[in-house]
>>> print(open('final_23.txt').read())   # compact mmCIF, C-alpha atoms
# COMPACT_ATOMS: atom_id res chain seq x y z
CA MET A 288 4.35 24.90 -5.05
CA ALA A 289 7.72 23.83 -6.45
CA ALA A 290 8.81 20.30 -5.59
CA LYS A 291 11.75 20.18 -3.21
CA THR A 292 14.58 17.70 -2.93
CA ASP A 293 14.20 15.42 0.08
CA LEU A 294 17.53 15.62 1.97
CA PHE A 295 16.50 13.39 4.91
CA VAL A 296 19.29 11.56 6.76
CA SER A 297 18.11 8.98 9.29
CA PRO A 298 19.36 9.40 12.87
CA ASP A 299 20.79 6.23 14.47
CA TYR A 300 22.58 7.37 17.61
CA PHE A 301 22.94 3.93 19.23
CA SER A 302 23.87 1.96 16.06
CA LEU A 303 20.50 0.21 16.01
CA ASP A 304 21.13 -0.83 12.42
CA GLU A 305 23.37 -3.55 13.85
CA LEU A 306 20.21 -5.16 15.32
CA LEU A 307 18.57 -5.35 11.90
CA THR A 308 18.90 -8.10 9.30
CA GLU A 309 20.00 -7.34 5.75
CA GLU A 310 16.45 -8.02 4.56
CA GLN A 311 14.99 -5.57 7.11
CA LYS A 312 17.42 -2.87 6.01
CA LEU A 313 16.60 -3.55 2.36
CA VAL A 314 12.86 -3.20 3.08
CA ARG A 315 13.47 0.10 4.87
CA GLU A 316 15.67 1.38 2.06
CA SER A 317 13.13 0.59 -0.64
CA VAL A 318 10.33 2.43 1.22
CA ARG A 319 12.65 5.33 2.12
CA ASN A 320 13.63 5.75 -1.53
CA TYR A 321 9.97 5.58 -2.57
CA VAL A 322 9.05 8.32 -0.08
CA LYS A 323 11.93 10.54 -1.24
CA LYS A 324 11.01 10.08 -4.89
CA GLU A 325 7.20 9.92 -4.91
CA ILE A 326 5.81 11.34 -1.63
CA SER A 327 8.03 14.22 -0.46
CA PRO A 328 7.87 16.19 -3.74
CA ILE A 329 4.04 16.20 -3.84
CA ILE A 330 2.76 15.90 -0.28
CA GLU A 331 2.84 19.57 0.74
CA ASP A 332 0.73 20.49 -2.25
CA TYR A 333 -1.86 17.79 -1.54
CA ALA A 334 -1.98 18.74 2.15
CA GLN A 335 -2.44 22.43 1.31
CA ARG A 336 -5.34 21.49 -0.99
CA ALA A 337 -6.72 18.93 1.51
CA GLU A 338 -6.71 16.30 -1.21
CA PHE A 339 -5.82 12.60 -1.09
CA PRO A 340 -3.24 11.52 -3.71
CA GLN A 341 -5.20 8.48 -4.93
CA HIS A 342 -2.46 7.33 -7.30
CA ILE A 343 -0.21 6.34 -4.37
CA VAL A 344 -2.51 3.43 -3.43
CA LYS A 345 -1.37 1.36 -6.41
CA GLN A 346 2.24 2.47 -5.85
CA MET A 347 2.18 1.31 -2.22
CA GLY A 348 0.56 -1.96 -3.29
CA ASP A 349 3.35 -2.55 -5.82
CA LEU A 350 5.93 -1.78 -3.13
CA GLY A 351 4.39 -4.31 -0.72
CA CYS A 352 3.26 -1.83 1.95
CA PHE A 353 -0.19 -3.43 2.36
CA GLY A 354 -0.37 -6.40 4.70
CA PRO A 355 3.40 -6.95 4.90
CA THR A 356 3.04 -9.67 7.59
CA ILE A 357 0.25 -11.54 5.76
CA PRO A 358 1.38 -14.66 3.86
CA VAL A 359 2.43 -14.19 0.24
CA GLU A 360 -0.20 -16.62 -1.08
CA TYR A 361 -2.92 -14.20 0.04
CA GLY A 362 -1.31 -11.12 -1.49
CA GLY A 363 0.69 -10.05 1.57
CA GLY A 364 4.43 -9.66 1.99
CA GLY A 365 5.21 -12.63 4.26
CA LEU A 366 7.57 -10.39 6.25
CA ASP A 367 8.35 -10.10 9.96
CA HIS A 368 7.05 -7.40 12.29
CA ILE A 369 10.29 -5.40 12.36
CA SER A 370 10.08 -5.04 8.56
CA TYR A 371 6.44 -3.98 8.89
CA GLY A 372 7.42 -1.43 11.54
CA LEU A 373 10.24 -0.02 9.42
CA MET A 374 7.86 0.37 6.49
CA MET A 375 5.42 2.36 8.64
CA GLN A 376 8.29 4.46 10.04
CA GLU A 377 9.41 5.46 6.56
CA LEU A 378 5.88 6.12 5.25
CA GLU A 379 5.05 8.39 8.19
CA ARG A 380 8.39 10.12 7.82
CA GLY A 381 6.80 11.22 4.56
CA ASP A 382 3.33 11.90 5.97
CA SER A 383 1.08 10.48 8.70
CA GLY A 384 -1.82 10.33 6.25
CA VAL A 385 0.14 8.13 3.86
CA ARG A 386 1.04 5.79 6.72
CA SER A 387 -2.60 5.83 7.89
CA THR A 388 -3.69 4.59 4.46
CA ALA A 389 -1.26 1.66 4.72
CA SER A 390 -2.09 0.92 8.39
CA VAL A 391 -5.81 0.76 7.70
CA GLN A 392 -5.37 -1.38 4.60
CA GLY A 393 -2.98 -3.87 6.19
CA SER A 394 -3.88 -4.04 9.88
CA LEU A 395 -7.55 -3.10 9.96
CA VAL A 396 -8.86 -4.59 6.70
CA MET A 397 -6.54 -7.34 5.45
CA TYR A 398 -5.60 -8.64 8.90
CA PRO A 399 -9.19 -9.33 10.11
CA ILE A 400 -10.12 -10.92 6.77
CA TYR A 401 -7.02 -13.13 7.03
CA GLU A 402 -7.45 -13.89 10.73
CA PHE A 403 -11.24 -14.29 10.97
CA GLY A 404 -12.33 -14.79 7.36
CA SER A 405 -13.24 -17.94 5.46
CA GLU A 406 -10.96 -19.27 2.74
CA GLU A 407 -13.42 -17.87 0.17
CA GLN A 408 -13.26 -14.41 1.78
CA ARG A 409 -9.47 -14.50 1.90
CA LYS A 410 -9.17 -15.43 -1.77
CA LYS A 411 -11.79 -12.93 -2.90
CA TYR A 412 -10.55 -9.83 -1.07
CA LEU A 413 -6.92 -10.13 0.07
CA PRO A 414 -5.06 -10.22 -3.29
CA LYS A 415 -6.96 -7.14 -4.56
CA LEU A 416 -6.34 -5.27 -1.29
CA GLY A 417 -2.69 -6.34 -1.17
CA SER A 418 -2.01 -5.12 -4.71
CA GLY A 419 -3.73 -1.77 -4.12
CA GLU A 420 -6.34 -2.52 -6.78
CA TRP A 421 -8.92 -2.10 -4.00
CA LEU A 422 -8.79 0.25 -1.05
CA GLY A 423 -10.38 -0.79 2.25
CA CYS A 424 -11.59 0.90 5.44
CA PHE A 425 -12.49 -0.15 8.99
CA GLY A 426 -15.74 0.86 10.68
CA LEU A 427 -15.67 0.82 14.47
CA THR A 428 -15.90 4.40 15.82
CA GLU A 429 -19.38 5.94 15.97
CA PRO A 430 -20.54 9.55 16.47
CA ASP A 431 -21.30 8.84 20.14
CA HIS A 432 -18.97 5.89 20.81
CA GLY A 433 -15.22 6.42 20.42
CA SER A 434 -13.24 5.28 23.43
CA ASN A 435 -16.13 2.99 24.44
CA PRO A 436 -16.78 0.88 21.32
CA ALA A 437 -18.87 -1.62 23.32
CA GLY A 438 -21.64 1.00 23.38
CA MET A 439 -22.02 0.91 19.58
CA LEU A 440 -25.50 1.30 18.11
CA THR A 441 -24.80 -0.02 14.59
CA ASN A 442 -26.67 -3.31 14.33
CA ILE A 443 -27.57 -6.26 12.13
CA LYS A 444 -30.84 -8.19 11.98
CA ASP A 445 -31.23 -11.70 10.56
CA ALA A 446 -33.23 -11.82 7.32
CA GLY A 447 -32.73 -15.37 6.02
CA ASP A 448 -29.81 -15.62 3.60
CA HIS A 449 -28.62 -12.12 4.51
CA VAL A 450 -28.55 -9.64 7.40
CA VAL A 451 -29.86 -6.09 7.37
CA LEU A 452 -27.30 -3.53 8.56
CA ASN A 453 -28.25 -0.15 10.06
CA GLY A 454 -26.19 2.56 11.74
CA ALA A 455 -23.32 4.97 11.14
CA LYS A 456 -19.56 5.19 11.69
CA MET A 457 -17.38 8.28 11.62
CA TRP A 458 -13.72 9.38 11.44
CA ILE A 459 -13.10 6.55 8.98
CA SER A 460 -9.78 6.78 7.10
CA ASN A 461 -9.99 5.78 3.40
CA ALA A 462 -13.83 5.75 3.54
CA PRO A 463 -14.53 8.07 0.57
CA PHE A 464 -12.50 5.91 -1.84
CA ALA A 465 -12.84 2.43 -0.29
CA GLN A 466 -14.30 -0.46 -2.26
CA VAL A 467 -14.53 -2.59 0.88
CA ALA A 468 -15.35 -1.83 4.52
CA VAL A 469 -14.79 -4.15 7.49
CA VAL A 470 -17.66 -3.06 9.75
CA TRP A 471 -18.40 -3.97 13.36
CA ALA A 472 -22.04 -4.17 14.44
CA LYS A 473 -24.18 -5.78 17.16
CA ASP A 474 -26.39 -8.74 16.30
CA GLU A 475 -29.76 -9.42 17.87
CA ALA A 476 -28.12 -11.25 20.78
CA GLY A 477 -25.98 -8.15 21.49
CA ASP A 478 -22.77 -9.78 20.25
CA ILE A 479 -20.34 -7.66 18.22
CA ARG A 480 -19.81 -9.15 14.76
CA GLY A 481 -17.58 -8.22 11.83
CA LEU A 482 -18.94 -7.91 8.29
CA ILE A 483 -17.41 -7.18 4.90
CA VAL A 484 -19.50 -4.47 3.26
CA GLU A 485 -18.88 -3.64 -0.40
CA ARG A 486 -19.34 -0.36 -2.22
CA GLY A 487 -22.43 -0.57 -4.39
CA MET A 488 -24.55 -2.36 -1.80
CA GLU A 489 -27.84 -0.48 -1.70
CA GLY A 490 -28.18 1.91 1.25
CA PHE A 491 -24.39 2.12 1.89
CA THR A 492 -22.89 5.63 1.52
CA THR A 493 -19.55 7.21 2.49
CA PRO A 494 -19.84 11.00 2.91
CA THR A 495 -16.48 12.80 3.02
CA THR A 496 -15.42 14.63 6.20
CA HIS A 497 -14.42 18.21 5.36
CA GLY A 498 -12.72 20.99 7.32
CA LYS A 499 -9.85 19.02 8.90
CA TRP A 500 -6.72 20.86 10.03
CA SER A 501 -4.97 17.50 10.43
CA LEU A 502 -4.27 14.54 8.10
CA ARG A 503 -5.23 16.85 5.26
CA ALA A 504 -3.69 14.60 2.60
CA SER A 505 -5.66 11.60 3.91
CA ALA A 506 -9.26 10.84 2.94
CA THR A 507 -11.60 10.68 5.95
CA GLY A 508 -15.32 10.02 5.85
CA GLU A 509 -18.39 8.47 7.42
CA LEU A 510 -19.98 5.10 6.76
CA VAL A 511 -23.77 5.27 6.69
CA PHE A 512 -25.91 2.10 6.56
CA ASP A 513 -29.59 2.41 5.71
CA ASN A 514 -31.11 -1.09 5.59
CA VAL A 515 -28.05 -2.49 3.79
CA LYS A 516 -28.51 -6.14 2.81
CA VAL A 517 -25.25 -7.98 3.51
CA PRO A 518 -24.96 -11.65 2.45
CA LYS A 519 -24.26 -14.01 5.35
CA GLU A 520 -21.11 -15.24 3.57
CA ASN A 521 -19.67 -11.76 4.23
CA ILE A 522 -19.78 -12.24 8.03
CA LEU A 523 -16.43 -12.83 9.73
CA ASN A 524 -15.99 -15.75 12.12
CA VAL A 525 -15.43 -13.85 15.38
CA LYS A 526 -17.66 -12.60 18.19
CA GLY A 527 -17.13 -9.78 20.69
CA LEU A 528 -14.66 -6.91 21.02
CA LYS A 529 -11.65 -9.24 20.69
CA GLY A 530 -12.22 -9.04 16.90
CA PRO A 531 -11.77 -5.30 16.42
CA LEU A 532 -9.35 -4.93 19.35
CA SER A 533 -6.92 -7.50 17.91
CA CYS A 534 -6.89 -5.48 14.66
CA LEU A 535 -6.23 -2.30 16.62
CA THR A 536 -3.29 -3.91 18.44
CA LYS A 537 -1.72 -4.70 15.07
CA ALA A 538 -2.35 -1.17 13.80
CA ARG A 539 -1.16 0.51 17.02
CA TYR A 540 2.11 -1.38 16.67
CA GLY A 541 2.56 0.17 13.22
CA ILE A 542 1.69 3.61 14.61
CA ALA A 543 4.39 3.28 17.30
CA TRP A 544 6.96 3.00 14.50
CA GLY A 545 5.26 5.55 12.28
CA THR A 546 5.28 8.34 14.84
CA VAL A 547 9.01 7.87 15.31
CA GLY A 548 9.38 8.40 11.56
CA ALA A 549 7.60 11.75 11.87
CA ALA A 550 9.81 12.63 14.84
CA MET A 551 12.95 11.72 12.88
CA ASP A 552 11.90 13.97 10.01
CA CYS A 553 11.26 16.93 12.34
CA TYR A 554 14.60 16.38 14.10
CA ASP A 555 16.49 16.08 10.81
CA THR A 556 14.87 19.28 9.51
CA ALA A 557 15.63 21.20 12.72
CA LEU A 558 19.23 19.94 12.85
CA ARG A 559 19.92 20.97 9.25
CA TYR A 560 18.25 24.35 9.80
CA SER A 561 20.28 24.97 12.98
CA LYS A 562 23.51 24.64 10.99
CA GLU A 563 22.37 26.95 8.17
CA ARG A 564 20.38 29.67 9.94
CA VAL A 565 22.65 32.51 11.15
CA GLN A 566 21.62 34.94 13.88
CA PHE A 567 23.91 37.17 15.98
CA ASP A 568 26.75 36.32 13.55
CA ARG A 569 26.70 32.55 14.14
CA PRO A 570 24.61 29.50 13.23
CA ILE A 571 21.79 29.06 15.75
CA GLY A 572 23.01 25.48 16.34
CA GLY A 573 25.85 27.03 18.33
CA PHE A 574 23.50 28.40 21.00
CA GLN A 575 22.85 26.43 24.16
CA LEU A 576 19.04 26.49 24.03
CA GLN A 577 18.97 25.15 20.48
CA GLN A 578 21.46 22.42 21.39
CA LYS A 579 19.28 21.49 24.38
CA LYS A 580 16.29 21.01 22.07
CA LEU A 581 18.27 18.91 19.59
CA ALA A 582 19.90 16.81 22.33
CA GLU A 583 16.50 16.05 23.88
CA MET A 584 15.03 15.21 20.48
CA ILE A 585 17.70 12.67 19.59
CA THR A 586 17.55 11.15 23.11
CA GLU A 587 13.79 10.58 22.88
CA ILE A 588 14.02 9.26 19.31
CA THR A 589 16.72 6.79 20.37
CA LYS A 590 14.68 5.55 23.35
CA ALA A 591 11.60 5.14 21.14
CA GLN A 592 13.61 3.28 18.48
CA LEU A 593 14.82 0.81 21.11
CA LEU A 594 11.31 0.36 22.51
CA ASN A 595 9.88 -0.26 19.04
CA TRP A 596 12.60 -2.71 18.11
CA ARG A 597 12.01 -4.69 21.31
CA VAL A 598 8.23 -4.82 20.89
CA GLY A 599 8.81 -5.92 17.28
CA VAL A 600 10.96 -8.83 18.45
CA LEU A 601 8.23 -9.79 20.94
CA MET A 602 5.58 -9.57 18.19
CA ASP A 603 7.58 -11.99 16.04
CA GLN A 604 7.92 -14.36 18.99
CA HIS A 605 4.14 -14.11 19.65
CA LYS A 606 4.97 -12.82 23.13
CA ALA A 607 3.90 -9.17 22.85
CA ASN A 608 0.74 -8.26 24.73
CA PRO A 609 -1.68 -5.43 23.84
CA GLN A 610 -0.56 -3.46 26.92
CA GLN A 611 3.04 -3.35 25.64
CA VAL A 612 1.81 -2.18 22.24
CA SER A 613 -0.30 0.49 23.98
CA MET A 614 2.78 1.81 25.76
CA ALA A 615 4.78 1.92 22.53
CA LYS A 616 1.97 3.71 20.66
CA ARG A 617 1.49 6.26 23.42
CA ASN A 618 5.23 6.86 23.79
CA GLY A 619 5.74 7.35 20.06
CA CYS A 620 2.87 9.85 19.88
CA GLU A 621 4.13 11.79 22.89
CA ILE A 622 7.75 12.13 21.83
CA ALA A 623 6.79 12.93 18.23
CA THR A 624 4.34 15.71 19.17
CA ASN A 625 6.91 17.26 21.54
CA ILE A 626 9.69 17.02 18.95
CA ALA A 627 7.48 18.53 16.24
CA ARG A 628 6.62 21.44 18.53
CA ASP A 629 10.27 22.10 19.46
CA ALA A 630 11.36 21.80 15.83
CA ARG A 631 8.67 24.29 14.82
CA GLN A 632 10.05 26.78 17.37
CA MET A 633 13.61 26.30 16.12
CA LEU A 634 12.50 27.16 12.59
CA GLY A 635 10.92 30.41 13.80
CA GLY A 636 8.46 31.93 11.35
CA MET A 637 9.57 29.54 8.59
CA GLY A 638 8.25 26.69 10.74
CA ILE A 639 4.63 27.52 9.98
CA THR A 640 5.06 27.44 6.20
CA GLY A 641 4.81 24.59 3.72
CA GLU A 642 8.44 25.28 2.89
CA TYR A 643 9.25 22.74 5.63
CA SER A 644 7.46 19.56 6.71
CA VAL A 645 7.37 20.34 10.44
CA MET A 646 4.01 22.13 10.78
CA ARG A 647 2.32 19.46 8.65
CA HIS A 648 3.74 16.73 10.91
CA MET A 649 2.69 18.72 13.97
CA MET A 650 -0.92 18.98 12.78
CA ASN A 651 -1.01 15.33 11.64
CA LEU A 652 0.24 14.08 14.99
CA GLU A 653 -2.72 15.74 16.72
CA SER A 654 -4.85 13.09 14.99
CA VAL A 655 -2.42 10.24 15.56
CA ILE A 656 -2.28 10.98 19.31
CA THR A 657 -6.09 10.60 19.38
CA TYR A 658 -7.00 7.79 16.99
CA GLU A 659 -6.78 4.08 17.74
CA GLY A 660 -6.89 4.77 21.46
CA THR A 661 -6.48 8.28 22.80
CA HIS A 662 -3.41 9.34 24.75
CA ASP A 663 -5.34 9.17 28.03
CA ILE A 664 -6.92 5.79 27.29
CA HIS A 665 -3.51 4.23 26.58
CA LEU A 666 -2.23 5.69 29.84
CA LEU A 667 -5.10 3.99 31.69
CA ILE A 668 -4.41 0.69 29.90
CA THR A 669 -0.88 0.79 31.36
CA GLY A 670 -2.27 1.93 34.71
CA MET A 671 -4.70 -0.97 34.88
CA ASP A 672 -1.97 -3.41 33.82
CA VAL A 673 0.42 -2.38 36.61
CA THR A 674 -2.14 -1.91 39.42
CA GLY A 675 -4.83 -4.44 38.55
CA PHE A 676 -7.52 -1.77 39.07
CA ASN A 677 -9.88 -0.74 36.27
CA ALA A 678 -10.11 3.06 36.16
CA PHE A 679 -12.39 3.09 33.10
CA LYS A 680 -15.55 2.62 35.13
>>> encode(input="final_23.txt", output="structure tokens")
Amino acid sequence: MAAKTDLFVSPDYFSLDELLTEEQKLVRESVRNYVKKEISPIIEDYAQRAEFPQHIVKQMGDLGCFGPTIPVEYGGGGLDHISYGLMMQELERGDSGVRSTASVQGSLVMYPIYEFGSEEQRKKYLPKLGSGEWLGCFGLTEPDHGSNPAGMLTNIKDAGDHVVLNGAKMWISNAPFAQVAVVWAKDEAGDIRGLIVERGMEGFTTPTTHGKWSLRASATGELVFDNVKVPKENILNVKGLKGPLSCLTKARYGIAWGTVGAAMDCYDTALRYSKERVQFDRPIGGFQLQQKKLAEMITEITKAQLLNWRVGVLMDQHKANPQQVSMAKRNGCEIATNIARDARQMLGGMGITGEYSVMRHMMNLESVITYEGTHDIHLLITGMDVTGFNAFK
């Protein structure tokens, strides 16, 4: 497939750029230029072949896309949460799978090692993960335990200077190529613990998940543990679900921004197409129904941009709660899937081809709307927050 020129122009209907610092805009620009130059020309081909472009891991490490809010001395970027959000927005504008790789690496692998790890663990793992020399993955979801992680069966048993890990995780982004896995398992007391598992440990395998119609340019796999001996110095200093859930809050925040990037790309594609495609002797952008779609798209994008900016400010002030992040993640997923669907219709038959990015975004977003808290679960998180009643049980 011939590489195409990326003509993306970012929509900013309410002059939100005036709320951003020069540094934040510079961060966004550098990632946007990277996506235009390195991701857009190749991503359709990789998605069509259902192959992960492994070479981008080092590129994203060099660009600072891994662990942007983690201090510089540990291999992170030392940036604020708005900058982190803008990075995720631009990466997902390119492809949700590319953003997933960065989200997992930064929020689900580097963050827990930084937050709950010993100084030795931080120094051993974070610089290599931050630079993209190593790729990491996060093992929480199990074949029978998705929305209810507390029911996990993966377990560890004390064996002196090490623990013995048994169980399986599935739907794990980055798994087939990861050197390191942050894995959550129950100890003999029934407490959930985090462990750093390294490729090469005997009994640890990562079978690839095949046959996906979504996130086709992202590597997904299982984590299988068959009597894996994990040294006790690889155990993180946290007990209970607050460990993995705090990581997910960080990642969901990035997803809220990322989905808006996908929505912006679909809108920009549909807007350009509406000005060029002529039917009944005029551009289709001149017809009321097409204008309705475009007007609704830009309205929802603008609302989501404002929501994301505000939650980013709260994150930097350490005032954001997980329920607010849940709302932002759910909102971003909803508006992006609707915008992708409308954009696909506007493109007619061309909308289903790899000639345009819309169908790829549309399929990717079907994963994004489900992972890291399904659409319905996030709705119930908001419901419980406003009513005080727990509808999960």
>>> closest_residue(input="final_23.txt", among="A:Thr441, A:Ser505, A:Thr640, A:Asn435", to="Ala462 of chain A", atoms="only C-alpha atoms")
A:Ser505
>>> residues_around(input="final_23.txt", residues="Pro430 of chain A", least_positions_apart="4", cutoff="10 Å", atoms="only C-alpha atoms", output="list in words")
Met439, Leu440, Ala455, Lys456, Met457, Trp458 and Glu509 of chain A
>>> closest_residue(input="final_23.txt", among="A:Gly541, A:Gly670, A:Pro609, A:Gly354", to="Leu378 of chain A", atoms="all atoms listed in the file")
A:Gly541
>>> residues_around(input="final_23.txt", residues="segment 385-397 of chain A", least_positions_apart="4", cutoff="9 Å", atoms="only C-alpha atoms", output="PyMOL selection string")
chain A and resi 326+339-340+343-344+347-348+352-357+363+374-381+401-402+409+412-413+416-417+419+422-425+460-461+467-469+502+504-506+531+534-539+541-542+545+655
>>> closest_residue(input="final_23.txt", among="A:Val359, A:Ile330, A:Ala472, A:Ile483", to="Ile400 of chain A", atoms="only C-alpha atoms")
A:Ile483
>>> closest_residue(input="final_23.txt", among="A:Met671, A:Leu523, A:Val565, A:Val484", to="Glu406 of chain A", atoms="all atoms listed in the file")
A:Leu523
>>> atom_distance(input="final_23.txt", atom1="atom CA of Gly660 of chain A", atom2="atom CA of Thr495 of chain A")
22.3 Å
>>> axis_aligned_box(input="final_23.txt", around="segment 356-368 of chain A", padding_each_side="4 Å", output="JSON")
{"center_x": 2.7, "center_y": -12.0, "center_z": 5.4, "size_x": 19.3, "size_y": 17.2, "size_z": 21.8}
>>> closest_residue(input="final_23.txt", among="A:Ala607, A:Gly372, A:Val645, A:Met614", to="Ile664 of chain A", atoms="only C-alpha atoms")
A:Met614
>>> closest_residue(input="final_23.txt", among="A:Gln610, A:Ser317, A:Gln346, A:Ser405", to="Ser418 of chain A", atoms="all atoms listed in the file")
A:Gln346
>>> residues_near_point(input="final_23.txt", point="(-11.9, 22.9, 6.7)", cutoff="12 Å", atoms="only C-alpha atoms", output="list in words")
Ala334, Gln335, Arg336, Ala337, Glu338, Thr495, Thr496, His497, Gly498, Lys499, Trp500, Ser501, Leu502 and Arg503 of chain A
>>> write_last_selection(input="final_23.txt", atoms="C-alpha atoms", output="PDB file, in the coordinates of the input")
ATOM      1  CA  ALA A 334      -1.980  18.740   2.150  1.00  0.00           C
ATOM      2  CA  GLN A 335      -2.440  22.430   1.310  1.00  0.00           C
ATOM      3  CA  ARG A 336      -5.340  21.490  -0.990  1.00  0.00           C
ATOM      4  CA  ALA A 337      -6.720  18.930   1.510  1.00  0.00           C
ATOM      5  CA  GLU A 338      -6.710  16.300  -1.210  1.00  0.00           C
ATOM      6  CA  THR A 495     -16.480  12.800   3.020  1.00  0.00           C
ATOM      7  CA  THR A 496     -15.420  14.630   6.200  1.00  0.00           C
ATOM      8  CA  HIS A 497     -14.420  18.210   5.360  1.00  0.00           C
ATOM      9  CA  GLY A 498     -12.720  20.990   7.320  1.00  0.00           C
ATOM     10  CA  LYS A 499      -9.850  19.020   8.900  1.00  0.00           C
ATOM     11  CA  TRP A 500      -6.720  20.860  10.030  1.00  0.00           C
ATOM     12  CA  SER A 501      -4.970  17.500  10.430  1.00  0.00           C
ATOM     13  CA  LEU A 502      -4.270  14.540   8.100  1.00  0.00           C
ATOM     14  CA  ARG A 503      -5.230  16.850   5.260  1.00  0.00           C
TER      15      ARG A 503
END
>>> atom_distance(input="final_23.txt", atom1="atom CA of Thr292 of chain A", atom2="atom CA of Gly641 of chain A")
13.7 Å
>>> atom_distance(input="final_23.txt", atom1="atom CA of Asp629 of chain A", atom2="atom CA of Val318 of chain A")
26.8 Å
>>> residues_near_point(input="final_23.txt", point="(-25.2, -8.8, 21.7)", cutoff="12 Å", atoms="only C-alpha atoms", output="compact mmCIF listing (two decimals) with C-alpha atoms, in the frame of the given file")
# COMPACT_ATOMS: atom_id res chain seq x y z
CA ALA A 437 -18.87 -1.62 23.32
CA GLY A 438 -21.64 1.00 23.38
CA MET A 439 -22.02 0.91 19.58
CA LEU A 440 -25.50 1.30 18.11
CA THR A 441 -24.80 -0.02 14.59
CA ASN A 442 -26.67 -3.31 14.33
CA ILE A 443 -27.57 -6.26 12.13
CA LYS A 444 -30.84 -8.19 11.98
CA TRP A 471 -18.40 -3.97 13.36
CA ALA A 472 -22.04 -4.17 14.44
CA LYS A 473 -24.18 -5.78 17.16
CA ASP A 474 -26.39 -8.74 16.30
CA GLU A 475 -29.76 -9.42 17.87
CA ALA A 476 -28.12 -11.25 20.78
CA GLY A 477 -25.98 -8.15 21.49
CA ASP A 478 -22.77 -9.78 20.25
CA ILE A 479 -20.34 -7.66 18.22
CA ARG A 480 -19.81 -9.15 14.76
CA LYS A 526 -17.66 -12.60 18.19
CA GLY A 527 -17.13 -9.78 20.69
CA LEU A 528 -14.66 -6.91 21.02
>>> residues_around(input="final_23.txt", residues="Gly635 of chain A", least_positions_apart="5", cutoff="12 Å", atoms="all atoms listed in the file", output="PyMOL selection string")
chain A and resi 557+560-561+564+566+571+577+628-630+640+643+645-646
